[in-house]
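Shown here: target_11.txt, compact mmCIF, N, CA, C and O atoms.
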# COMPACT_ATOMS: atom_id res chain seq x y z
N MET A 152 -73.08 34.88 50.88
CA MET A 152 -73.10 35.91 51.90
C MET A 152 -72.34 37.15 51.44
O MET A 152 -72.78 38.26 51.67
N ALA A 153 -71.19 36.94 50.76
CA ALA A 153 -70.41 38.09 50.30
C ALA A 153 -71.19 38.92 49.30
O ALA A 153 -71.09 40.13 49.27
N GLY A 154 -72.00 38.25 48.46
CA GLY A 154 -72.81 38.96 47.48
C GLY A 154 -73.81 39.90 48.15
O GLY A 154 -74.08 40.99 47.66
N HIS A 155 -74.36 39.48 49.26
CA HIS A 155 -75.31 40.31 50.01
C HIS A 155 -74.63 41.59 50.49
O HIS A 155 -75.21 42.69 50.38
N HIS A 156 -73.42 41.47 51.02
CA HIS A 156 -72.69 42.65 51.51
C HIS A 156 -72.35 43.59 50.35
O HIS A 156 -72.40 44.80 50.50
N PHE A 157 -72.00 43.00 49.21
CA PHE A 157 -71.66 43.81 48.03
C PHE A 157 -72.89 44.61 47.59
O PHE A 157 -72.78 45.80 47.31
N LYS A 158 -74.06 43.95 47.54
CA LYS A 158 -75.29 44.64 47.14
C LYS A 158 -75.65 45.74 48.13
O LYS A 158 -76.08 46.82 47.74
N ALA A 159 -75.45 45.48 49.41
CA ALA A 159 -75.73 46.49 50.44
C ALA A 159 -74.80 47.69 50.27
O ALA A 159 -75.22 48.84 50.40
N ALA A 160 -73.54 47.42 49.98
CA ALA A 160 -72.58 48.51 49.78
C ALA A 160 -72.96 49.33 48.55
O ALA A 160 -72.90 50.57 48.58
N LEU A 161 -73.34 48.67 47.47
CA LEU A 161 -73.75 49.40 46.27
C LEU A 161 -74.98 50.26 46.52
O LEU A 161 -75.09 51.36 46.00
N LYS A 162 -75.88 49.77 47.34
CA LYS A 162 -77.09 50.52 47.67
C LYS A 162 -76.74 51.84 48.33
O LYS A 162 -77.40 52.86 48.12
N THR A 163 -75.67 51.85 49.12
CA THR A 163 -75.21 53.07 49.79
C THR A 163 -74.30 53.90 48.90
O THR A 163 -74.43 55.12 48.82
N LEU A 164 -73.37 53.24 48.22
CA LEU A 164 -72.35 53.96 47.46
C LEU A 164 -72.89 54.62 46.20
O LEU A 164 -72.40 55.67 45.80
N THR A 165 -73.87 54.03 45.56
CA THR A 165 -74.41 54.62 44.33
C THR A 165 -75.01 55.99 44.58
O THR A 165 -74.64 56.96 43.89
N PRO A 166 -75.89 56.16 45.57
CA PRO A 166 -76.41 57.52 45.83
C PRO A 166 -75.30 58.49 46.29
O PRO A 166 -75.33 59.66 45.93
N TYR A 167 -74.33 57.97 47.06
CA TYR A 167 -73.23 58.84 47.50
C TYR A 167 -72.44 59.33 46.30
O TYR A 167 -72.08 60.51 46.22
N SER A 168 -72.18 58.44 45.36
CA SER A 168 -71.43 58.81 44.15
C SER A 168 -72.19 59.87 43.36
O SER A 168 -71.60 60.83 42.86
N GLN A 169 -73.49 59.73 43.27
CA GLN A 169 -74.32 60.73 42.58
C GLN A 169 -74.27 62.07 43.31
O GLN A 169 -74.17 63.12 42.67
N LEU A 170 -74.31 62.03 44.63
CA LEU A 170 -74.22 63.24 45.43
C LEU A 170 -72.88 63.94 45.20
O LEU A 170 -72.82 65.15 44.97
N ALA A 171 -71.80 63.16 45.23
CA ALA A 171 -70.46 63.72 45.04
C ALA A 171 -70.32 64.38 43.68
O ALA A 171 -69.78 65.48 43.56
N ARG A 172 -70.83 63.73 42.64
CA ARG A 172 -70.76 64.31 41.28
C ARG A 172 -71.57 65.60 41.21
O ARG A 172 -71.13 66.59 40.64
N SER A 173 -72.74 65.59 41.80
CA SER A 173 -73.59 66.77 41.76
C SER A 173 -72.98 67.92 42.54
O SER A 173 -72.96 69.06 42.08
N ALA A 174 -72.45 67.63 43.72
CA ALA A 174 -71.89 68.68 44.58
C ALA A 174 -70.61 69.27 44.02
O ALA A 174 -70.34 70.45 44.22
N SER A 175 -69.82 68.47 43.30
CA SER A 175 -68.52 68.96 42.85
C SER A 175 -68.56 69.56 41.45
O SER A 175 -67.58 70.15 41.00
N GLY A 176 -69.68 69.46 40.77
CA GLY A 176 -69.78 70.01 39.42
C GLY A 176 -69.88 71.53 39.42
O GLY A 176 -70.14 72.16 40.44
N ASP A 177 -69.66 72.10 38.24
CA ASP A 177 -69.78 73.54 38.09
C ASP A 177 -71.18 74.01 38.45
O ASP A 177 -72.17 73.35 38.14
N GLY A 178 -71.24 75.11 39.11
CA GLY A 178 -72.51 75.75 39.48
C GLY A 178 -72.20 77.20 39.74
O GLY A 178 -71.40 77.81 39.03
N ALA A 179 -72.77 77.76 40.79
CA ALA A 179 -72.45 79.13 41.17
C ALA A 179 -70.97 79.24 41.53
O ALA A 179 -70.35 80.28 41.35
N VAL A 180 -70.41 78.12 42.03
CA VAL A 180 -68.98 78.03 42.33
C VAL A 180 -68.38 77.03 41.34
O VAL A 180 -68.89 75.92 41.20
N GLU A 181 -67.32 77.42 40.66
CA GLU A 181 -66.73 76.53 39.66
C GLU A 181 -66.05 75.32 40.30
O GLU A 181 -65.64 75.37 41.46
N SER A 182 -65.95 74.25 39.53
CA SER A 182 -65.41 72.98 40.02
C SER A 182 -64.02 73.11 40.62
O SER A 182 -63.72 72.47 41.63
N LYS A 183 -63.16 73.92 40.04
CA LYS A 183 -61.81 74.08 40.57
C LYS A 183 -61.85 74.58 42.01
O LYS A 183 -61.16 74.05 42.88
N ILE A 184 -62.68 75.57 42.26
CA ILE A 184 -62.79 76.13 43.60
C ILE A 184 -63.37 75.09 44.56
O ILE A 184 -62.90 74.94 45.69
N LYS A 185 -64.36 74.35 44.10
CA LYS A 185 -64.94 73.31 44.94
C LYS A 185 -63.91 72.25 45.30
O LYS A 185 -63.87 71.77 46.44
N GLU A 186 -63.07 71.87 44.35
CA GLU A 186 -62.04 70.87 44.63
C GLU A 186 -60.99 71.43 45.59
O GLU A 186 -60.49 70.71 46.45
N LEU A 187 -60.65 72.71 45.47
CA LEU A 187 -59.73 73.32 46.42
C LEU A 187 -60.35 73.38 47.81
O LEU A 187 -59.66 73.15 48.82
N MET A 188 -61.64 73.65 47.88
CA MET A 188 -62.34 73.64 49.17
C MET A 188 -62.29 72.23 49.78
O MET A 188 -61.99 72.07 50.96
N ALA A 189 -62.57 71.24 48.95
CA ALA A 189 -62.55 69.85 49.42
C ALA A 189 -61.14 69.46 49.85
O ALA A 189 -60.96 68.73 50.84
N LEU A 190 -60.13 69.96 49.14
CA LEU A 190 -58.75 69.69 49.51
C LEU A 190 -58.44 70.28 50.88
O LEU A 190 -57.84 69.62 51.74
N SER A 191 -58.87 71.51 51.11
CA SER A 191 -58.63 72.16 52.39
C SER A 191 -59.29 71.39 53.53
O SER A 191 -58.68 71.14 54.58
N ILE A 192 -60.52 70.96 53.31
CA ILE A 192 -61.22 70.17 54.33
C ILE A 192 -60.51 68.84 54.54
O ILE A 192 -60.35 68.39 55.69
N SER A 193 -60.05 68.21 53.47
CA SER A 193 -59.35 66.93 53.57
C SER A 193 -58.11 67.04 54.43
O SER A 193 -57.81 66.14 55.23
N ILE A 194 -57.38 68.14 54.27
CA ILE A 194 -56.18 68.37 55.09
C ILE A 194 -56.59 68.57 56.55
O ILE A 194 -56.00 67.97 57.45
N ALA A 195 -57.61 69.39 56.77
CA ALA A 195 -58.04 69.70 58.14
C ALA A 195 -58.55 68.46 58.87
O ALA A 195 -58.35 68.34 60.08
N ILE A 196 -59.18 67.53 58.14
CA ILE A 196 -59.69 66.32 58.81
C ILE A 196 -58.70 65.17 58.73
O ILE A 196 -58.98 64.08 59.22
N ARG A 197 -57.55 65.41 58.11
CA ARG A 197 -56.43 64.45 58.07
C ARG A 197 -56.77 63.15 57.33
O ARG A 197 -56.50 62.07 57.80
N CYS A 198 -57.36 63.30 56.15
CA CYS A 198 -57.71 62.14 55.32
C CYS A 198 -56.76 62.08 54.13
O CYS A 198 -56.94 62.80 53.15
N GLU A 199 -55.73 61.24 54.23
CA GLU A 199 -54.70 61.20 53.19
C GLU A 199 -55.25 60.82 51.82
O GLU A 199 -54.90 61.43 50.81
N ASP A 200 -56.10 59.81 51.75
CA ASP A 200 -56.67 59.42 50.46
C ASP A 200 -57.53 60.54 49.88
O ASP A 200 -57.52 60.77 48.66
N CYS A 201 -58.26 61.24 50.74
CA CYS A 201 -59.07 62.38 50.29
C CYS A 201 -58.17 63.48 49.73
O CYS A 201 -58.49 64.10 48.71
N ILE A 202 -57.03 63.72 50.39
CA ILE A 202 -56.09 64.74 49.93
C ILE A 202 -55.64 64.43 48.51
O ILE A 202 -55.69 65.29 47.63
N VAL A 203 -55.21 63.21 48.28
CA VAL A 203 -54.72 62.83 46.94
C VAL A 203 -55.84 62.96 45.92
O VAL A 203 -55.64 63.51 44.83
N PHE A 204 -57.02 62.47 46.25
CA PHE A 204 -58.15 62.52 45.33
C PHE A 204 -58.48 63.96 44.94
O PHE A 204 -58.60 64.30 43.76
N HIS A 205 -58.63 64.83 45.94
CA HIS A 205 -59.05 66.21 45.66
C HIS A 205 -57.91 67.05 45.10
O HIS A 205 -58.17 67.98 44.32
N LEU A 206 -56.66 66.74 45.44
CA LEU A 206 -55.52 67.43 44.82
C LEU A 206 -55.49 67.12 43.32
O LEU A 206 -55.37 68.03 42.50
N ARG A 207 -55.62 65.86 42.98
CA ARG A 207 -55.64 65.49 41.54
C ARG A 207 -56.79 66.17 40.82
O ARG A 207 -56.62 66.70 39.72
N ALA A 208 -57.97 66.15 41.43
CA ALA A 208 -59.13 66.76 40.80
C ALA A 208 -58.93 68.27 40.63
O ALA A 208 -59.27 68.83 39.59
N ALA A 209 -58.38 68.93 41.65
CA ALA A 209 -58.13 70.37 41.55
C ALA A 209 -57.15 70.67 40.41
O ALA A 209 -57.37 71.61 39.64
N LEU A 210 -56.09 69.88 40.31
CA LEU A 210 -55.12 70.08 39.23
C LEU A 210 -55.76 69.84 37.87
O LEU A 210 -55.51 70.58 36.91
N GLN A 211 -56.60 68.82 37.76
CA GLN A 211 -57.30 68.54 36.50
C GLN A 211 -58.22 69.69 36.10
O GLN A 211 -58.45 69.92 34.92
N HIS A 212 -58.74 70.40 37.09
CA HIS A 212 -59.61 71.54 36.81
C HIS A 212 -58.83 72.84 36.67
O HIS A 212 -59.42 73.92 36.63
N GLY A 213 -57.49 72.75 36.63
CA GLY A 213 -56.67 73.92 36.33
C GLY A 213 -56.10 74.65 37.52
O GLY A 213 -55.58 75.76 37.37
N ALA A 214 -56.15 74.07 38.71
CA ALA A 214 -55.57 74.74 39.89
C ALA A 214 -54.07 74.88 39.70
O ALA A 214 -53.40 73.98 39.19
N THR A 215 -53.54 76.01 40.13
CA THR A 215 -52.11 76.27 40.05
C THR A 215 -51.44 75.90 41.37
O THR A 215 -52.12 75.72 42.40
N LYS A 216 -50.12 75.83 41.33
CA LYS A 216 -49.37 75.54 42.55
C LYS A 216 -49.64 76.62 43.60
O LYS A 216 -49.83 76.31 44.78
N ALA A 217 -49.69 77.87 43.18
CA ALA A 217 -49.95 78.97 44.12
C ALA A 217 -51.32 78.81 44.77
O ALA A 217 -51.48 79.06 45.98
N GLU A 218 -52.32 78.39 44.00
CA GLU A 218 -53.65 78.19 44.57
C GLU A 218 -53.66 77.03 45.56
O GLU A 218 -54.31 77.11 46.61
N VAL A 219 -52.93 75.96 45.24
CA VAL A 219 -52.86 74.82 46.16
C VAL A 219 -52.15 75.25 47.45
O VAL A 219 -52.59 74.90 48.55
N VAL A 220 -51.09 76.02 47.34
CA VAL A 220 -50.36 76.47 48.54
C VAL A 220 -51.28 77.33 49.41
O VAL A 220 -51.31 77.16 50.63
N GLU A 221 -52.05 78.24 48.82
CA GLU A 221 -52.97 79.06 49.61
C GLU A 221 -54.07 78.20 50.24
O GLU A 221 -54.52 78.48 51.36
N THR A 222 -54.48 77.17 49.54
CA THR A 222 -55.47 76.23 50.08
C THR A 222 -54.90 75.53 51.31
O THR A 222 -55.58 75.35 52.32
N ILE A 223 -53.63 75.12 51.23
CA ILE A 223 -52.96 74.49 52.37
C ILE A 223 -52.89 75.46 53.54
O ILE A 223 -53.14 75.09 54.69
N GLU A 224 -52.57 76.72 53.25
CA GLU A 224 -52.49 77.72 54.32
C GLU A 224 -53.85 77.87 55.02
O GLU A 224 -53.91 77.94 56.26
N LEU A 225 -54.92 77.88 54.25
CA LEU A 225 -56.25 77.98 54.84
C LEU A 225 -56.57 76.76 55.69
O LEU A 225 -57.12 76.87 56.79
N ALA A 226 -56.18 75.58 55.21
CA ALA A 226 -56.41 74.35 55.97
C ALA A 226 -55.67 74.39 57.31
O ALA A 226 -56.19 73.94 58.33
N ILE A 227 -54.46 74.93 57.29
CA ILE A 227 -53.69 75.04 58.53
C ILE A 227 -54.37 76.00 59.50
O ILE A 227 -54.48 75.72 60.69
N GLU A 228 -54.87 77.12 58.96
CA GLU A 228 -55.59 78.07 59.82
C GLU A 228 -56.79 77.39 60.47
O GLU A 228 -57.03 77.53 61.68
N MET A 229 -57.53 76.61 59.71
CA MET A 229 -58.76 76.00 60.22
C MET A 229 -58.52 74.72 61.00
O MET A 229 -59.28 74.39 61.89
N GLY A 230 -57.44 74.00 60.67
CA GLY A 230 -57.21 72.70 61.28
C GLY A 230 -56.16 72.67 62.36
O GLY A 230 -55.96 71.65 63.00
N GLY A 231 -55.46 73.77 62.56
CA GLY A 231 -54.45 73.84 63.61
C GLY A 231 -53.19 73.04 63.30
O GLY A 231 -52.91 72.67 62.16
N GLY A 232 -52.44 72.76 64.36
CA GLY A 232 -51.13 72.11 64.24
C GLY A 232 -51.11 70.83 63.43
O GLY A 232 -50.24 70.66 62.57
N PRO A 233 -52.03 69.88 63.65
CA PRO A 233 -51.99 68.66 62.86
C PRO A 233 -52.11 68.90 61.35
O PRO A 233 -51.57 68.15 60.55
N SER A 234 -52.77 69.98 60.97
CA SER A 234 -52.89 70.28 59.54
C SER A 234 -51.57 70.71 58.93
O SER A 234 -51.40 70.61 57.72
N VAL A 235 -50.63 71.17 59.75
CA VAL A 235 -49.30 71.51 59.24
C VAL A 235 -48.66 70.24 58.66
O VAL A 235 -48.09 70.26 57.56
N VAL A 236 -48.78 69.13 59.38
CA VAL A 236 -48.21 67.86 58.93
C VAL A 236 -48.87 67.43 57.63
O VAL A 236 -48.19 67.06 56.67
N TYR A 237 -50.19 67.49 57.58
CA TYR A 237 -50.90 67.04 56.38
C TYR A 237 -50.75 68.04 55.24
O TYR A 237 -50.78 67.66 54.07
N GLY A 238 -50.56 69.30 55.54
CA GLY A 238 -50.25 70.29 54.52
C GLY A 238 -48.92 69.99 53.86
O GLY A 238 -48.77 70.08 52.64
N ALA A 239 -47.93 69.60 54.68
CA ALA A 239 -46.61 69.23 54.13
C ALA A 239 -46.74 67.99 53.25
O ALA A 239 -46.12 67.91 52.18
N ARG A 240 -47.55 67.04 53.67
CA ARG A 240 -47.78 65.84 52.85
C ARG A 240 -48.45 66.20 51.53
O ARG A 240 -48.16 65.62 50.49
N THR A 241 -49.34 67.19 51.57
CA THR A 241 -50.00 67.64 50.35
C THR A 241 -49.00 68.27 49.40
O THR A 241 -49.05 68.04 48.19
N LEU A 242 -48.07 69.07 49.93
CA LEU A 242 -47.03 69.65 49.08
C LEU A 242 -46.17 68.57 48.45
O LEU A 242 -45.81 68.67 47.27
N GLU A 243 -45.84 67.53 49.20
CA GLU A 243 -45.08 66.41 48.64
C GLU A 243 -45.86 65.76 47.51
O GLU A 243 -45.29 65.46 46.45
N ALA A 244 -47.15 65.53 47.71
CA ALA A 244 -47.99 64.94 46.67
C ALA A 244 -48.07 65.83 45.45
O ALA A 244 -48.00 65.37 44.31
N LEU A 245 -48.19 67.15 45.67
CA LEU A 245 -48.24 68.10 44.56
C LEU A 245 -46.97 68.01 43.73
O LEU A 245 -47.03 67.96 42.50
N ASN A 246 -45.84 67.98 44.39
CA ASN A 246 -44.56 67.88 43.66
C ASN A 246 -44.47 66.59 42.88
O ASN A 246 -43.88 66.56 41.79
N GLN A 247 -45.02 65.51 43.41
CA GLN A 247 -45.00 64.23 42.68
C GLN A 247 -45.95 64.23 41.50
O GLN A 247 -45.67 63.59 40.48
N LEU A 248 -47.07 64.93 41.62
CA LEU A 248 -48.07 64.94 40.55
C LEU A 248 -47.73 65.91 39.43
O LEU A 248 -48.27 65.80 38.35
N GLN A 249 -46.86 66.87 39.68
CA GLN A 249 -46.53 67.86 38.63
C GLN A 249 -45.27 67.50 37.91
O GLN A 249 -44.42 66.83 38.32

Let me see the file written as C-alpha cells.
Amino acid sequence: MAGHHFKAALKTLTPYSQLARSASGDGAVESKIKELMALSISIAIRCEDCIVFHLRAALQHGATKAEVVETIELAIEMGGGPSVVYGARTLEALNQLQ
C-alpha cells in the first residue's frame, strides 16, 4: 500500500519539479531576481521552509545582503504585519548562511 502512495506522489511531484526548474531558470528575468521574488512571496505567505530554500537559491545566484533586505521590505509592504515577523526570521537565516 505504501508503494502505491509513493508512486502517486511521484506522479504529482515530477511535473511540479519540472515546472519549478523551468519557472526559476534564466529567461527575460534572471534567476537571481526570480529567487528574490520567490523569497518575497515566501515571506508574505509565511512559509519558513520556502524562505530558507529561496534565500539559499538567491544567494547562490549572487544576491547581496542589500538585495535581500530590500526584498524583505517589499514582502512586508505586501504581506503586512505578519511579514515583519517572517522578515526578521529571514534576516536571522541570512546571517546564519553568510

For this session: Name the residues in contact with region 224-240 of chain A at a cut-off of 5 Å, using all atoms listed in the file, excluding same-chain residues fewer than 6 positions from it; report them as a list in words.
Result: Ser191, Ile194 and Ala195 of chain A

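Considering the residues A:Ser168, A:Ser182, A:Asn246, A:Ser193 and counting only C-alpha atoms, Ala214 (chain A) has its shortest atom-to-atom contact with A:Ser182.
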
Exercise. Hey, which of A:Leu248, A:Ile202, A:Ala208, A:Ala159 ends up closest to Lys183 (chain A)? Count all atoms listed in the file.
Worked result: A:Ala208

All residues 8 Å or closer to Thr222 (chain A), only C-alpha atoms, same chain fewer than 5 positions away omitted, as a CSV table (one decimal) with N, CA, C and O atoms, in the frame of the given file:
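File around25.csv, as written:
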chain,number,residue,atom,x,y,z
A,187,LEU,N,-60.6,72.7,45.5
A,187,LEU,CA,-59.7,73.3,46.4
A,187,LEU,C,-60.4,73.4,47.8
A,187,LEU,O,-59.7,73.2,48.8
A,188,MET,N,-61.6,73.6,47.9
A,188,MET,CA,-62.3,73.6,49.2
A,188,MET,C,-62.3,72.2,49.8
A,188,MET,O,-62.0,72.1,51.0
A,190,LEU,N,-60.1,70.0,49.1
A,190,LEU,CA,-58.8,69.7,49.5
A,190,LEU,C,-58.4,70.3,50.9
A,190,LEU,O,-57.8,69.6,51.7
A,191,SER,N,-58.9,71.5,51.1
A,191,SER,CA,-58.6,72.2,52.4
A,191,SER,C,-59.3,71.4,53.5
A,191,SER,O,-58.7,71.1,54.6

For this session: Please measure the separation of atom N of Asp177 (chain A) and atom O of Ala160 (chain A), giving the value in Å to one decimal.
Result: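 One can read the atom N of Asp177 (chain A) to atom O of Ala160 (chain A) distance as 24.1 Å.
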
Problem set entry | Length of the atom N of Ala244 (chain A) to atom N of Ala179 (chain A) vector [Å] |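 One can read the atom N of Ala244 (chain A) to atom N of Ala179 (chain A) distance as 29.2 Å.
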
Problem set entry | Selection: 8 Å around Leu206 (chain A), all atoms listed in the file, excl. self and same-chain fewer than 3 positions, as a list in words |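 Selected residues are Glu186, Leu187, Ala189, Leu190, Ser191, Glu199, Asp200, Cys201, Ile202, Val203, Ala209, Leu210, Gln211, His212, Gly213, Ala214, Val219, Thr241, Ala244 and Leu245 of chain A.
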
For this session: Within chain A, find each residue whose DSSP state, derived from the backbone, is helix (DSSP H, G or I), and express the selection as a count of residues only.
Result: 82

Exercise. How many Å separate atom C of Lys216 (chain A) from atom O of Glu243 (chain A)?
Worked result: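 If I compute the distance from atom C of Lys216 (chain A) to atom O of Glu243 (chain A), I get 12.3 Å.
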
With 6 Å added on each side, what axis-aligned box encloses every listed atom of region 160-172 of chain A? Give the centre and edge lengths in Å to one decimal, as lines of an AutoDock Vina configuration file.
center_x = -73.6
center_y = 57.0
center_z = 45.3
size_x = 19.6
size_y = 31.2
size_z = 21.3
